[in-house]
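Pasting upload_21.cif here (mmCIF, C-alpha atoms):
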```cif
data_start
loop_
_atom_site.label_atom_id
_atom_site.label_comp_id
_atom_site.auth_asym_id
_atom_site.auth_seq_id
_atom_site.Cartn_x
_atom_site.Cartn_y
_atom_site.Cartn_z
CA MET W 19 0.00 0.00 0.00
CA ARG W 20 1.11 3.54 -0.72
CA SER W 21 0.99 6.18 1.98
CA ILE W 22 -1.41 9.01 1.15
CA TRP W 23 -0.55 11.34 4.04
CA LYS W 24 2.21 11.86 6.58
CA GLY W 25 1.99 13.67 9.87
CA SER W 26 1.75 12.89 13.56
CA ILE W 27 -0.74 12.07 16.29
CA SER W 28 -0.81 14.63 19.09
CA PHE W 29 -1.62 12.75 22.31
CA GLY W 30 -1.21 15.41 25.01
CA LEU W 31 2.52 16.11 25.06
CA VAL W 32 3.20 12.82 23.28
CA ASN W 33 3.88 13.10 19.55
CA ILE W 34 3.60 10.00 17.34
CA PRO W 35 4.89 10.28 13.74
CA ILE W 36 2.54 8.31 11.49
CA LYS W 37 1.76 7.44 7.89
CA VAL W 38 -1.81 7.14 6.65
CA PHE W 39 -2.96 4.37 4.30
CA GLY W 40 -6.35 3.85 2.72
CA ALA W 41 -8.13 0.99 4.51
CA THR W 42 -10.67 0.30 1.77
CA GLU W 43 -10.80 -0.05 -1.99
CA SER W 44 -13.71 -0.03 -4.41
CA HIS W 45 -14.39 -3.06 -6.58
CA SER W 46 -17.58 -1.66 -8.09
CA VAL W 47 -18.16 -1.95 -11.81
CA SER W 48 -17.18 1.14 -13.82
CA PHE W 49 -18.08 1.88 -17.42
CA ARG W 50 -16.66 4.14 -20.13
CA GLN W 51 -18.76 6.42 -22.26
CA VAL W 52 -18.32 5.75 -25.98
CA HIS W 53 -19.81 6.96 -29.22
CA ALA W 54 -22.57 4.50 -30.15
CA ALA W 55 -21.79 4.79 -33.85
CA ASP W 56 -18.10 3.86 -33.85
CA GLY W 57 -17.18 3.08 -30.22
CA GLY W 58 -14.89 6.10 -29.87
CA ARG W 59 -14.19 7.26 -26.30
CA ILE W 60 -16.10 10.27 -25.03
CA ARG W 61 -13.80 12.54 -22.98
CA TYR W 62 -14.38 15.65 -20.96
CA ARG W 63 -12.11 18.59 -21.62
CA LYS W 64 -11.42 21.53 -19.31
CA VAL W 65 -12.24 24.66 -21.25
CA CYS W 66 -11.99 28.30 -20.18
CA GLU W 67 -15.40 29.95 -20.64
CA LEU W 68 -13.89 33.37 -21.47
CA GLU W 69 -11.39 32.27 -24.14
CA ASP W 70 -13.14 29.04 -25.22
CA VAL W 71 -9.81 27.19 -25.20
CA GLU W 72 -8.73 23.98 -23.47
CA VAL W 73 -6.64 24.59 -20.32
CA SER W 74 -4.01 22.23 -18.88
CA ASN W 75 -3.90 21.26 -15.21
CA GLU W 76 -0.80 23.45 -14.67
CA ASP W 77 -2.81 26.55 -15.56
CA ILE W 78 -5.71 25.76 -13.22
CA THR W 79 -5.90 27.17 -9.70
CA LYS W 80 -8.51 27.21 -6.91
CA ALA W 81 -11.01 29.99 -6.31
CA PHE W 82 -13.69 30.63 -3.71
CA GLU W 83 -17.08 31.84 -4.91
CA ALA W 84 -18.52 34.64 -2.79
CA PRO W 85 -22.29 34.86 -2.13
CA ASP W 86 -22.65 37.51 -4.87
CA GLY W 87 -21.03 35.20 -7.44
CA THR W 88 -17.59 36.84 -7.42
CA THR W 89 -14.72 34.34 -7.54
CA VAL W 90 -11.65 34.94 -5.36
CA PRO W 91 -8.55 33.01 -6.59
CA LEU W 92 -6.61 31.17 -3.85
CA SER W 93 -3.21 29.64 -4.47
CA ASP W 94 -1.68 26.68 -2.64
CA GLN W 95 0.65 29.13 -0.88
CA ASP W 96 -2.38 31.07 0.43
CA LEU W 97 -3.91 27.93 1.84
CA ASP W 98 -0.62 26.66 3.30
CA SER W 99 -0.15 29.96 5.16
CA LEU W 100 -3.43 29.58 7.05
CA PRO W 101 -2.98 29.19 10.85
CA LEU W 102 -4.27 25.61 10.86
CA PRO W 103 -2.82 23.58 13.77
CA THR W 104 -4.13 20.32 12.30
CA ALA W 105 -2.41 20.77 8.90
CA LYS W 106 -0.01 17.88 9.62
CA THR W 107 -1.35 16.69 12.95
CA ILE W 108 -4.12 14.38 14.12
CA ASP W 109 -4.98 16.32 17.28
CA ILE W 110 -6.74 14.07 19.81
CA LEU W 111 -9.43 16.04 21.64
CA ALA W 112 -11.04 13.45 23.91
CA PHE W 113 -11.63 9.75 24.59
CA VAL W 114 -15.24 8.55 24.53
CA PRO W 115 -17.17 5.24 24.43
CA ALA W 116 -17.59 4.04 20.85
CA ASP W 117 -21.39 3.82 21.14
CA THR W 118 -21.62 7.59 21.74
CA ILE W 119 -20.63 8.25 18.12
CA ASP W 120 -23.47 8.12 15.59
CA PRO W 121 -22.56 5.80 12.68
CA LEU W 122 -24.14 8.38 10.35
CA GLN W 123 -21.11 10.60 11.02
CA LEU W 124 -18.53 8.03 9.87
CA ASP W 125 -17.07 8.69 6.42
CA ARG W 126 -13.82 7.15 5.09
CA SER W 127 -11.54 4.60 6.77
CA TYR W 128 -7.72 4.62 7.06
CA TYR W 129 -4.93 2.66 8.74
CA LEU W 130 -2.33 4.54 10.77
CA ALA W 131 1.21 3.16 10.79
CA PRO W 132 4.17 4.35 12.91
CA ASP W 133 6.65 6.37 10.86
CA GLY W 134 10.14 5.44 12.02
CA ALA W 135 11.66 3.34 14.81
CA GLY W 136 11.13 6.06 17.41
CA ALA W 137 7.38 6.06 16.82
CA ALA W 138 6.86 2.41 17.79
CA LYS W 139 6.78 2.90 21.59
CA PRO W 140 4.26 5.80 21.72
CA TYR W 141 2.20 4.09 18.99
CA VAL W 142 1.86 0.91 21.09
CA LEU W 143 1.22 3.02 24.20
CA LEU W 144 -1.79 4.73 22.57
CA ARG W 145 -3.04 1.41 21.19
CA GLU W 146 -2.91 -0.36 24.55
CA ALA W 147 -4.45 2.64 26.35
CA LEU W 148 -7.41 2.51 23.94
CA ASN W 149 -7.69 -1.26 24.41
CA ARG W 150 -7.72 -1.07 28.20
CA SER W 151 -10.13 1.85 28.40
CA GLU W 152 -12.44 0.32 25.77
CA LYS W 153 -12.83 3.80 24.28
CA VAL W 154 -12.09 5.56 21.01
CA ALA W 155 -10.30 8.84 20.43
CA VAL W 156 -12.00 11.83 18.82
CA ALA W 157 -9.58 14.03 16.89
CA LYS W 158 -9.32 16.90 14.40
CA LEU W 159 -7.12 16.82 11.31
CA ALA W 160 -6.69 18.42 7.90
CA LEU W 161 -6.88 15.89 5.06
CA ARG W 162 -7.41 16.30 1.33
CA GLY W 163 -7.66 20.07 1.53
CA ARG W 164 -10.14 20.36 4.36
CA GLU W 165 -10.29 20.07 8.12
CA THR W 166 -12.36 17.21 9.43
CA LEU W 167 -13.13 15.20 12.52
CA GLY W 168 -11.70 11.74 13.03
CA MET W 169 -12.28 8.72 15.24
CA VAL W 170 -9.22 6.63 16.13
CA ARG W 171 -9.76 3.05 17.29
CA VAL W 172 -7.92 -0.26 17.50
CA VAL W 173 -8.26 -2.91 14.78
CA GLY W 174 -6.25 -6.00 15.70
CA GLU W 175 -2.71 -4.72 16.34
CA THR W 176 -3.21 -1.56 14.28
CA LEU W 177 -4.63 1.90 14.86
CA ALA W 178 -7.40 2.79 12.43
CA MET W 179 -9.00 6.15 11.78
CA HIS W 180 -12.42 6.99 10.41
CA THR W 181 -12.96 10.52 9.16
CA MET W 182 -16.24 11.96 10.40
CA LEU W 183 -18.75 14.46 9.12
CA TRP W 184 -19.36 17.57 11.17
CA PRO W 185 -22.59 17.47 13.21
CA ASP W 186 -24.18 20.19 11.04
CA GLU W 187 -23.58 18.02 7.96
CA ILE W 188 -26.01 15.36 9.21
CA ARG W 189 -29.54 15.95 8.00
CA GLN W 190 -32.39 15.56 10.47
CA PRO W 191 -34.91 12.82 9.55
CA GLU W 192 -37.90 15.17 9.62
CA GLY W 193 -40.88 14.05 7.60
CA ILE W 194 -39.35 10.64 6.89
CA ALA W 195 -41.32 8.44 9.29
CA PRO W 196 -44.98 7.55 8.46
CA ASP W 197 -47.42 10.32 9.37
CA ALA W 198 -50.38 7.99 9.83
CA LYS W 199 -50.99 6.33 13.17
CA VAL W 200 -50.08 2.66 12.83
CA THR W 201 -50.91 -0.08 15.33
CA VAL W 202 -48.81 -3.25 15.34
CA ARG W 203 -50.40 -6.30 16.95
CA ASP W 204 -48.57 -8.73 19.20
CA ALA W 205 -49.21 -11.56 16.72
CA GLU W 206 -47.46 -9.57 13.98
CA LEU W 207 -44.50 -8.85 16.27
CA ASP W 208 -44.34 -12.56 17.18
CA LEU W 209 -44.12 -13.50 13.50
CA ALA W 210 -41.48 -10.84 12.90
CA ASP W 211 -39.49 -12.29 15.83
CA THR W 212 -39.84 -15.78 14.35
CA LEU W 213 -38.62 -14.54 10.98
CA MET W 214 -35.61 -12.83 12.60
CA ASP W 215 -34.75 -16.01 14.51
CA THR W 216 -35.13 -18.14 11.38
CA LEU W 217 -32.86 -15.94 9.30
CA GLY W 218 -30.26 -16.25 12.05
CA GLU W 219 -26.74 -14.85 11.80
CA ILE W 220 -24.57 -14.22 8.74
CA ASP W 221 -20.89 -14.42 7.94
CA LEU W 222 -20.05 -11.13 6.22
CA ASP W 223 -16.91 -12.67 4.71
CA GLU W 224 -19.10 -14.96 2.59
CA LEU W 225 -20.93 -12.06 0.91
CA HIS W 226 -19.86 -10.97 -2.57
CA ASP W 227 -20.91 -8.61 -5.35
CA GLU W 228 -23.13 -10.72 -7.60
CA TYR W 229 -23.76 -7.84 -9.99
CA ARG W 230 -20.04 -7.32 -10.64
CA GLU W 231 -19.56 -11.06 -11.23
CA ALA W 232 -22.47 -11.08 -13.68
CA VAL W 233 -21.02 -8.09 -15.59
CA GLU W 234 -17.59 -9.75 -15.76
CA ALA W 235 -19.14 -12.98 -17.06
CA LEU W 236 -21.10 -11.01 -19.67
CA VAL W 237 -17.96 -9.18 -20.85
CA ALA W 238 -15.97 -12.43 -21.01
CA ALA W 239 -18.70 -14.07 -23.09
CA LYS W 240 -18.77 -11.14 -25.53
CA LEU W 241 -14.98 -11.22 -25.89
CA GLU W 242 -15.14 -14.93 -26.69
CA GLY W 243 -18.06 -14.43 -29.08
CA THR W 244 -20.32 -16.76 -27.10
CA GLU W 245 -23.73 -16.34 -25.56
CA PRO W 246 -23.72 -15.38 -21.86
CA ALA W 247 -25.14 -17.87 -19.40
CA PRO W 248 -28.88 -17.41 -18.74
CA VAL W 249 -29.67 -15.30 -15.74
CA GLY W 250 -31.64 -16.96 -12.98
CA GLU W 251 -35.12 -15.77 -12.19
CA GLU W 252 -35.13 -12.65 -10.10
CA ARG W 253 -36.99 -12.80 -6.87
CA GLU W 254 -40.23 -10.86 -6.87
CA ARG W 255 -39.76 -7.61 -5.05
CA GLY W 256 -41.79 -4.56 -4.25
CA GLY W 257 -45.50 -4.34 -4.79
CA LYS W 258 -48.23 -3.54 -2.34
CA VAL W 259 -48.46 -5.72 0.76
CA ILE W 260 -52.11 -6.65 1.14
CA ASP W 261 -51.92 -9.06 4.07
CA LEU W 262 -48.98 -8.39 6.39
CA MET W 263 -49.53 -11.59 8.37
CA ALA W 264 -49.57 -13.69 5.19
CA ALA W 265 -46.41 -11.98 3.96
CA LEU W 266 -44.64 -12.66 7.28
CA GLU W 267 -45.75 -16.30 7.31
CA SER W 268 -44.53 -16.77 3.72
CA SER W 269 -41.22 -15.12 4.61
CA VAL W 270 -40.72 -17.44 7.59
CA LYS W 271 -41.51 -20.48 5.44
CA ALA W 272 -39.13 -19.36 2.69
CA ALA W 273 -36.36 -18.67 5.21
CA GLN W 274 -36.80 -22.12 6.79
CA GLU W 275 -36.67 -23.82 3.39
CA GLY W 276 -33.57 -21.80 2.50
CA ARG W 277 -31.83 -23.05 5.64
CA GLY W 278 -32.90 -26.63 4.91
CA GLU W 279 -35.37 -26.76 7.76
CA GLY W 280 -38.38 -27.50 5.55
CA GLU W 281 -41.62 -27.71 7.46
CA LYS W 282 -39.84 -27.63 10.78
CA ALA W 283 -42.34 -25.47 12.56
CA PRO W 284 -45.25 -23.64 10.94
CA ALA W 285 -45.01 -19.91 11.41
CA LYS W 286 -48.48 -19.71 12.90
CA LYS W 287 -47.60 -22.25 15.61
CA ALA W 288 -44.38 -20.49 16.50
CA ALA W 289 -46.14 -17.17 16.74
CA SER W 290 -49.17 -18.59 18.56
CA LYS W 291 -46.92 -20.15 21.19
CA LYS W 292 -45.51 -16.73 22.06
CA THR W 293 -48.98 -15.16 22.06
CA ALA W 294 -50.36 -18.04 24.13
CA ALA W 295 -47.54 -17.65 26.62
CA ARG W 296 -48.42 -13.99 27.07
CA LYS W 297 -52.14 -14.81 27.41
CA SER W 298 -51.37 -17.66 29.82
CA THR W 299 -49.38 -15.31 32.01
CA ALA W 300 -52.22 -12.80 32.04
CA GLN W 301 -54.87 -15.51 32.70
CA SER W 302 -52.75 -17.04 35.46
CA GLY W 303 -52.55 -13.69 37.18
CA ALA W 304 -56.31 -13.22 36.85
CA LYS W 305 -56.99 -16.72 38.24
CA LYS W 306 -54.74 -16.11 41.24
CA THR W 307 -56.52 -12.85 41.99
CA ALA W 308 -59.95 -14.52 41.70
CA ALA W 309 -58.83 -17.42 43.91
CA LYS W 310 -57.66 -15.01 46.59
CA LYS W 311 -61.02 -13.20 46.53
CA THR W 312 -62.96 -16.53 46.74
CA ALA W 313 -60.79 -17.74 49.64
CA ALA W 314 -61.37 -14.49 51.48
CA LYS W 315 -65.15 -14.82 51.04
CA LYS W 316 -65.10 -18.44 52.33
CA THR W 317 -63.05 -17.48 55.35
CA SER W 318 -65.46 -14.66 56.17
CA ALA W 319 -68.48 -16.95 55.76
CA GLN W 320 -66.96 -19.65 57.92
CA SER W 321 -66.11 -17.27 60.73
CA SER W 322 -69.62 -15.85 60.69
CA ALA W 323 -71.07 -19.37 60.71
CA LYS W 324 -68.94 -20.45 63.68
CA GLU W 325 -70.10 -17.63 65.93
CA PRO W 326 -73.72 -18.85 66.59
CA SER W 327 -72.53 -22.46 66.84
CA GLY W 328 -70.25 -21.44 69.69
CA LYS W 329 -73.16 -19.85 71.51
CA LYS W 330 -75.22 -23.09 71.17
CA SER W 331 -72.47 -25.30 72.57
CA THR W 332 -72.03 -23.00 75.56
CA SER W 333 -75.78 -23.17 76.37
CA THR W 334 -75.82 -27.00 76.15
CA ALA W 335 -72.86 -27.26 78.51
CA LYS W 336 -74.64 -25.08 81.06
CA LYS W 337 -77.79 -27.27 80.92
CA THR W 338 -75.73 -30.48 81.33
CA THR W 339 -73.98 -29.06 84.42
CA ALA W 340 -77.37 -28.10 86.00
CA LYS W 341 -78.84 -31.58 85.49
CA THR W 342 -75.78 -33.19 87.07
CA ALA W 343 -76.06 -30.93 90.13
CA ALA W 344 -79.81 -31.74 90.53
CA LYS W 345 -79.10 -35.46 90.43
CA LYS W 346 -76.47 -35.14 93.15
CA THR W 347 -78.87 -33.15 95.37
CA ALA W 348 -81.62 -35.79 94.96
CA ALA W 349 -79.19 -38.57 95.84
CA LYS W 350 -78.16 -36.79 99.04
CA LYS W 351 -81.83 -36.36 100.14
CA THR W 352 -82.58 -40.10 99.54
CA ALA W 353 -79.54 -41.11 101.61
CA ALA W 354 -80.61 -38.83 104.48
CA LYS W 355 -84.15 -40.36 104.53
CA LYS W 356 -82.73 -43.87 104.71
CA ARG W 357 -80.53 -43.00 107.70
CA ALA W 358 -83.46 -41.40 109.50
CA SER W 359 -85.71 -44.49 109.11
CA ALA W 360 -82.91 -46.78 110.30
#
```

Could you show the structure in this file as structure tokens?
Amino acid sequence: MRSIWKGSISFGLVNIPIKVFGATESHSVSFRQVHAADGGRIRYRKVCELEDVEVSNEDITKAFEAPDGTTVPLSDQDLDSLPLPTAKTIDILAFVPADTIDPLQLDRSYYLAPDGAGAAKPYVLLREALNRSEKVAVAKLALRGRETLGMVRVVGETLAMHTMLWPDEIRQPEGIAPDAKVTVRDAELDLADTLMDTLGEIDLDELHDEYREAVEALVAAKLEGTEPAPVGEERERGGKVIDLMAALESSVKAAQEGRGEGEKAPAKKAASKKTAARKSTAQSGAKKTAAKKTAAKKTSAQSSAKEPSGKKSTSTAKKTTAKTAAKKTAAKKTAAKKRASA
């Protein structure tokens, strides 16, 4: 890889000389514009509007257009003389958790390499500090003729940097979400959950650009003077969704068949199990509450029923005691009469 920028990382009073390398490359298909009649290349030429003549790159300079349309020429010397502290420095401003940075702000990706033997120790120091803190560094730098924000993080044993858009460059999503009030049922959410579980995880390394491969195969066939291989049927996309539940169920079935699961579990059953579980929980709670109320009523009724019964048993005991006492008195009188007659 060829270095595209040289400078240093400013980490407090620590200075780390670094070289910047592009971390990504585009493999997208590119086409040339040609004349349909004879295949001649169509090229764009840089022409001066005042003289109507073609101008070479050496005769072209930068200019800033004022609000009134006036252009102010600016040379490279003018721009180099600007008091820009980040002209050759990645100035670290703070260390923050990675999840505090909105992915919408991330732009291009680069690798940072130490420049020289003396840069190895501070380079590793910053890398290990980021690893241990589990944070990323937010920095400012000037790259490709403009000052920008950057996020420095660890990738394996290397420091990587992502240039970031300024906060005012992120558009607000106003008017994007549906205006109409939409209600999503639990059954629909259950089916969506089932579909998500069925699709499972994915290995990003296995993904590839099918369109680019198809274009390359088409070009190769034309060069060989043969017919290109027939293109497989394209999956039906778009269209108006009439029945959301039916669409979800079909999606779950298709995903299961794609993973070789076949008719493993019908989507309705999987979704109904989740719905039934929620209903069962609610019904169980209702039954417990009703049982408590019924038990309370029974207890109250039983206590009220016991109260008169207690009174009856007390009265019977009193009567039994009186009879016993009367019998004893009668026995004493009979014994006294017998002694008197003797």

| So which residues are close to (-6.5, 27.8, -17.0), meaning at most 12 Å away in the file's coordinates with only C-alpha atoms counted, and can you show them as an NGL selection string? | :W and (63-81 or 91)

| said: For region 229-237 of chain W, find every residue with an atom within 8 Å (counting all atoms listed in the file), except residues of its own chain fewer than 5 positions away, and show them as JSON, numbers by chain. | reply: {"W": [46, 47, 246, 247]}

Take the residues from that selection and write them out as a compact mmCIF listing (two decimals), in the coordinates of the input, keeping C-alpha atoms.
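Listing of selection07.txt after writing:
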```txt
# COMPACT_ATOMS: atom_id res chain seq x y z
CA SER W 46 -17.58 -1.66 -8.09
CA VAL W 47 -18.16 -1.95 -11.81
CA PRO W 246 -23.72 -15.38 -21.86
CA ALA W 247 -25.14 -17.87 -19.40
```

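Distances from W:Ala105, W:Met182, W:Leu148, W:Val172 to Leu122 (chain W) were compared using only C-alpha atoms, and the smallest one belongs to W:Met182.
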
| task | Apply the PyMOL selection byres ((chain W and resi 177) around 8) to the displayed file and report the matching residues as a list in words. | result |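 Residues picked by the PyMOL selection byres ((chain W and resi 177) around 8): Tyr129, Leu130, Ala131, Arg145, Val170, Arg171, Val172, Val173, Glu175, Thr176, Ala178 and Met179 of chain W.
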
| said: I'd like the interatomic distance between CA of Ile194 (chain W) and CA of Ile220 (chain W), to a tenth of an Å. | reply: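 Distance between the two atoms: 29.0 Å.
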
| request: Rounded to one decimal place, report the CA of Thr181 (chain W)-CA of Arg162 (chain W) distance in Å. | output: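 Separating CA of Thr181 (chain W) from CA of Arg162 (chain W) is a distance of 11.2 Å.
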
| request: With a distance cut-off of 8 Å and only C-alpha atoms, select the neighbouring residues of Ala116 (chain W), excluding the residue or stretch itself and same-chain residues fewer than 3 positions from it, and output the selection as a PyMOL selection string. | output: chain W and resi 119+153-154

| field | Selected residue, from W:Ala195, W:Met19, W:Val156, W:Leu144, that lies nearest to Lys37 (chain W) when counting only C-alpha atoms | value |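 Counting only C-alpha atoms, the residue closest to Lys37 (chain W) is W:Met19.
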
| Atomic distance CA of Phe113 (chain W) - CA of Leu100 (chain W), expressed in Å with one decimal |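 For CA of Phe113 (chain W) relative to CA of Leu100 (chain W), the distance reads 27.7 Å.
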
| Surrounding residues of Leu217 (chain W) excluding itself and chain neighbours under 4 positions, 8 Å, all atoms listed in the file, as a VMD selection string | chain W and resid 213 273 to 274

| field | From W:Val52, W:Leu225, W:Ala238, W:Ile108, residue lying nearest Leu161 (chain W) [all atoms listed in the file] | value |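 Result for the nearest residue to Leu161 (chain W): W:Ile108.
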
With only C-alpha atoms counted and 9 Å as the cut-off, give the residues of region 116-159 of chain W in contact with region 26-32 of chain W, each with its shortest interatomic distance in Å and the pair that gives it, as JSON lines.
```
{"residue": "W:Pro132", "atom": "CA", "partner": "W:Ser26", "partner_atom": "CA", "distance": 8.9}
{"residue": "W:Asp133", "atom": "CA", "partner": "W:Ser26", "partner_atom": "CA", "distance": 8.6}
{"residue": "W:Pro140", "atom": "CA", "partner": "W:Val32", "partner_atom": "CA", "distance": 7.3}
{"residue": "W:Tyr141", "atom": "CA", "partner": "W:Ile27", "partner_atom": "CA", "distance": 8.9}
{"residue": "W:Leu144", "atom": "CA", "partner": "W:Phe29", "partner_atom": "CA", "distance": 8.0}
```

| Spatial neighbours of Gln123 (chain W), max dist 8 Å, all atoms listed in the file, sep filter under 3 positions, as a list in words |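 In the requested format, the answer is Ile119, Asp120, Met182, Leu183, Trp184, Pro185 and Ile188 of chain W.
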
| request: Could you pull out every residue with an atom within 7 Å of (-12.0, 0.2, 8.1), file coordinates, counting all atoms listed in the file, and send them as a VMD selection string? | output: chain W and resid 41 to 42 127 to 128 178

Write the residues of the selection above to a file with C-alpha atoms, as a compact mmCIF listing (two decimals), keeping the file's coordinate frame.
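Just written: result.txt:
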```
# COMPACT_ATOMS: atom_id res chain seq x y z
CA ALA W 41 -8.13 0.99 4.51
CA THR W 42 -10.67 0.30 1.77
CA SER W 127 -11.54 4.60 6.77
CA TYR W 128 -7.72 4.62 7.06
CA ALA W 178 -7.40 2.79 12.43
```
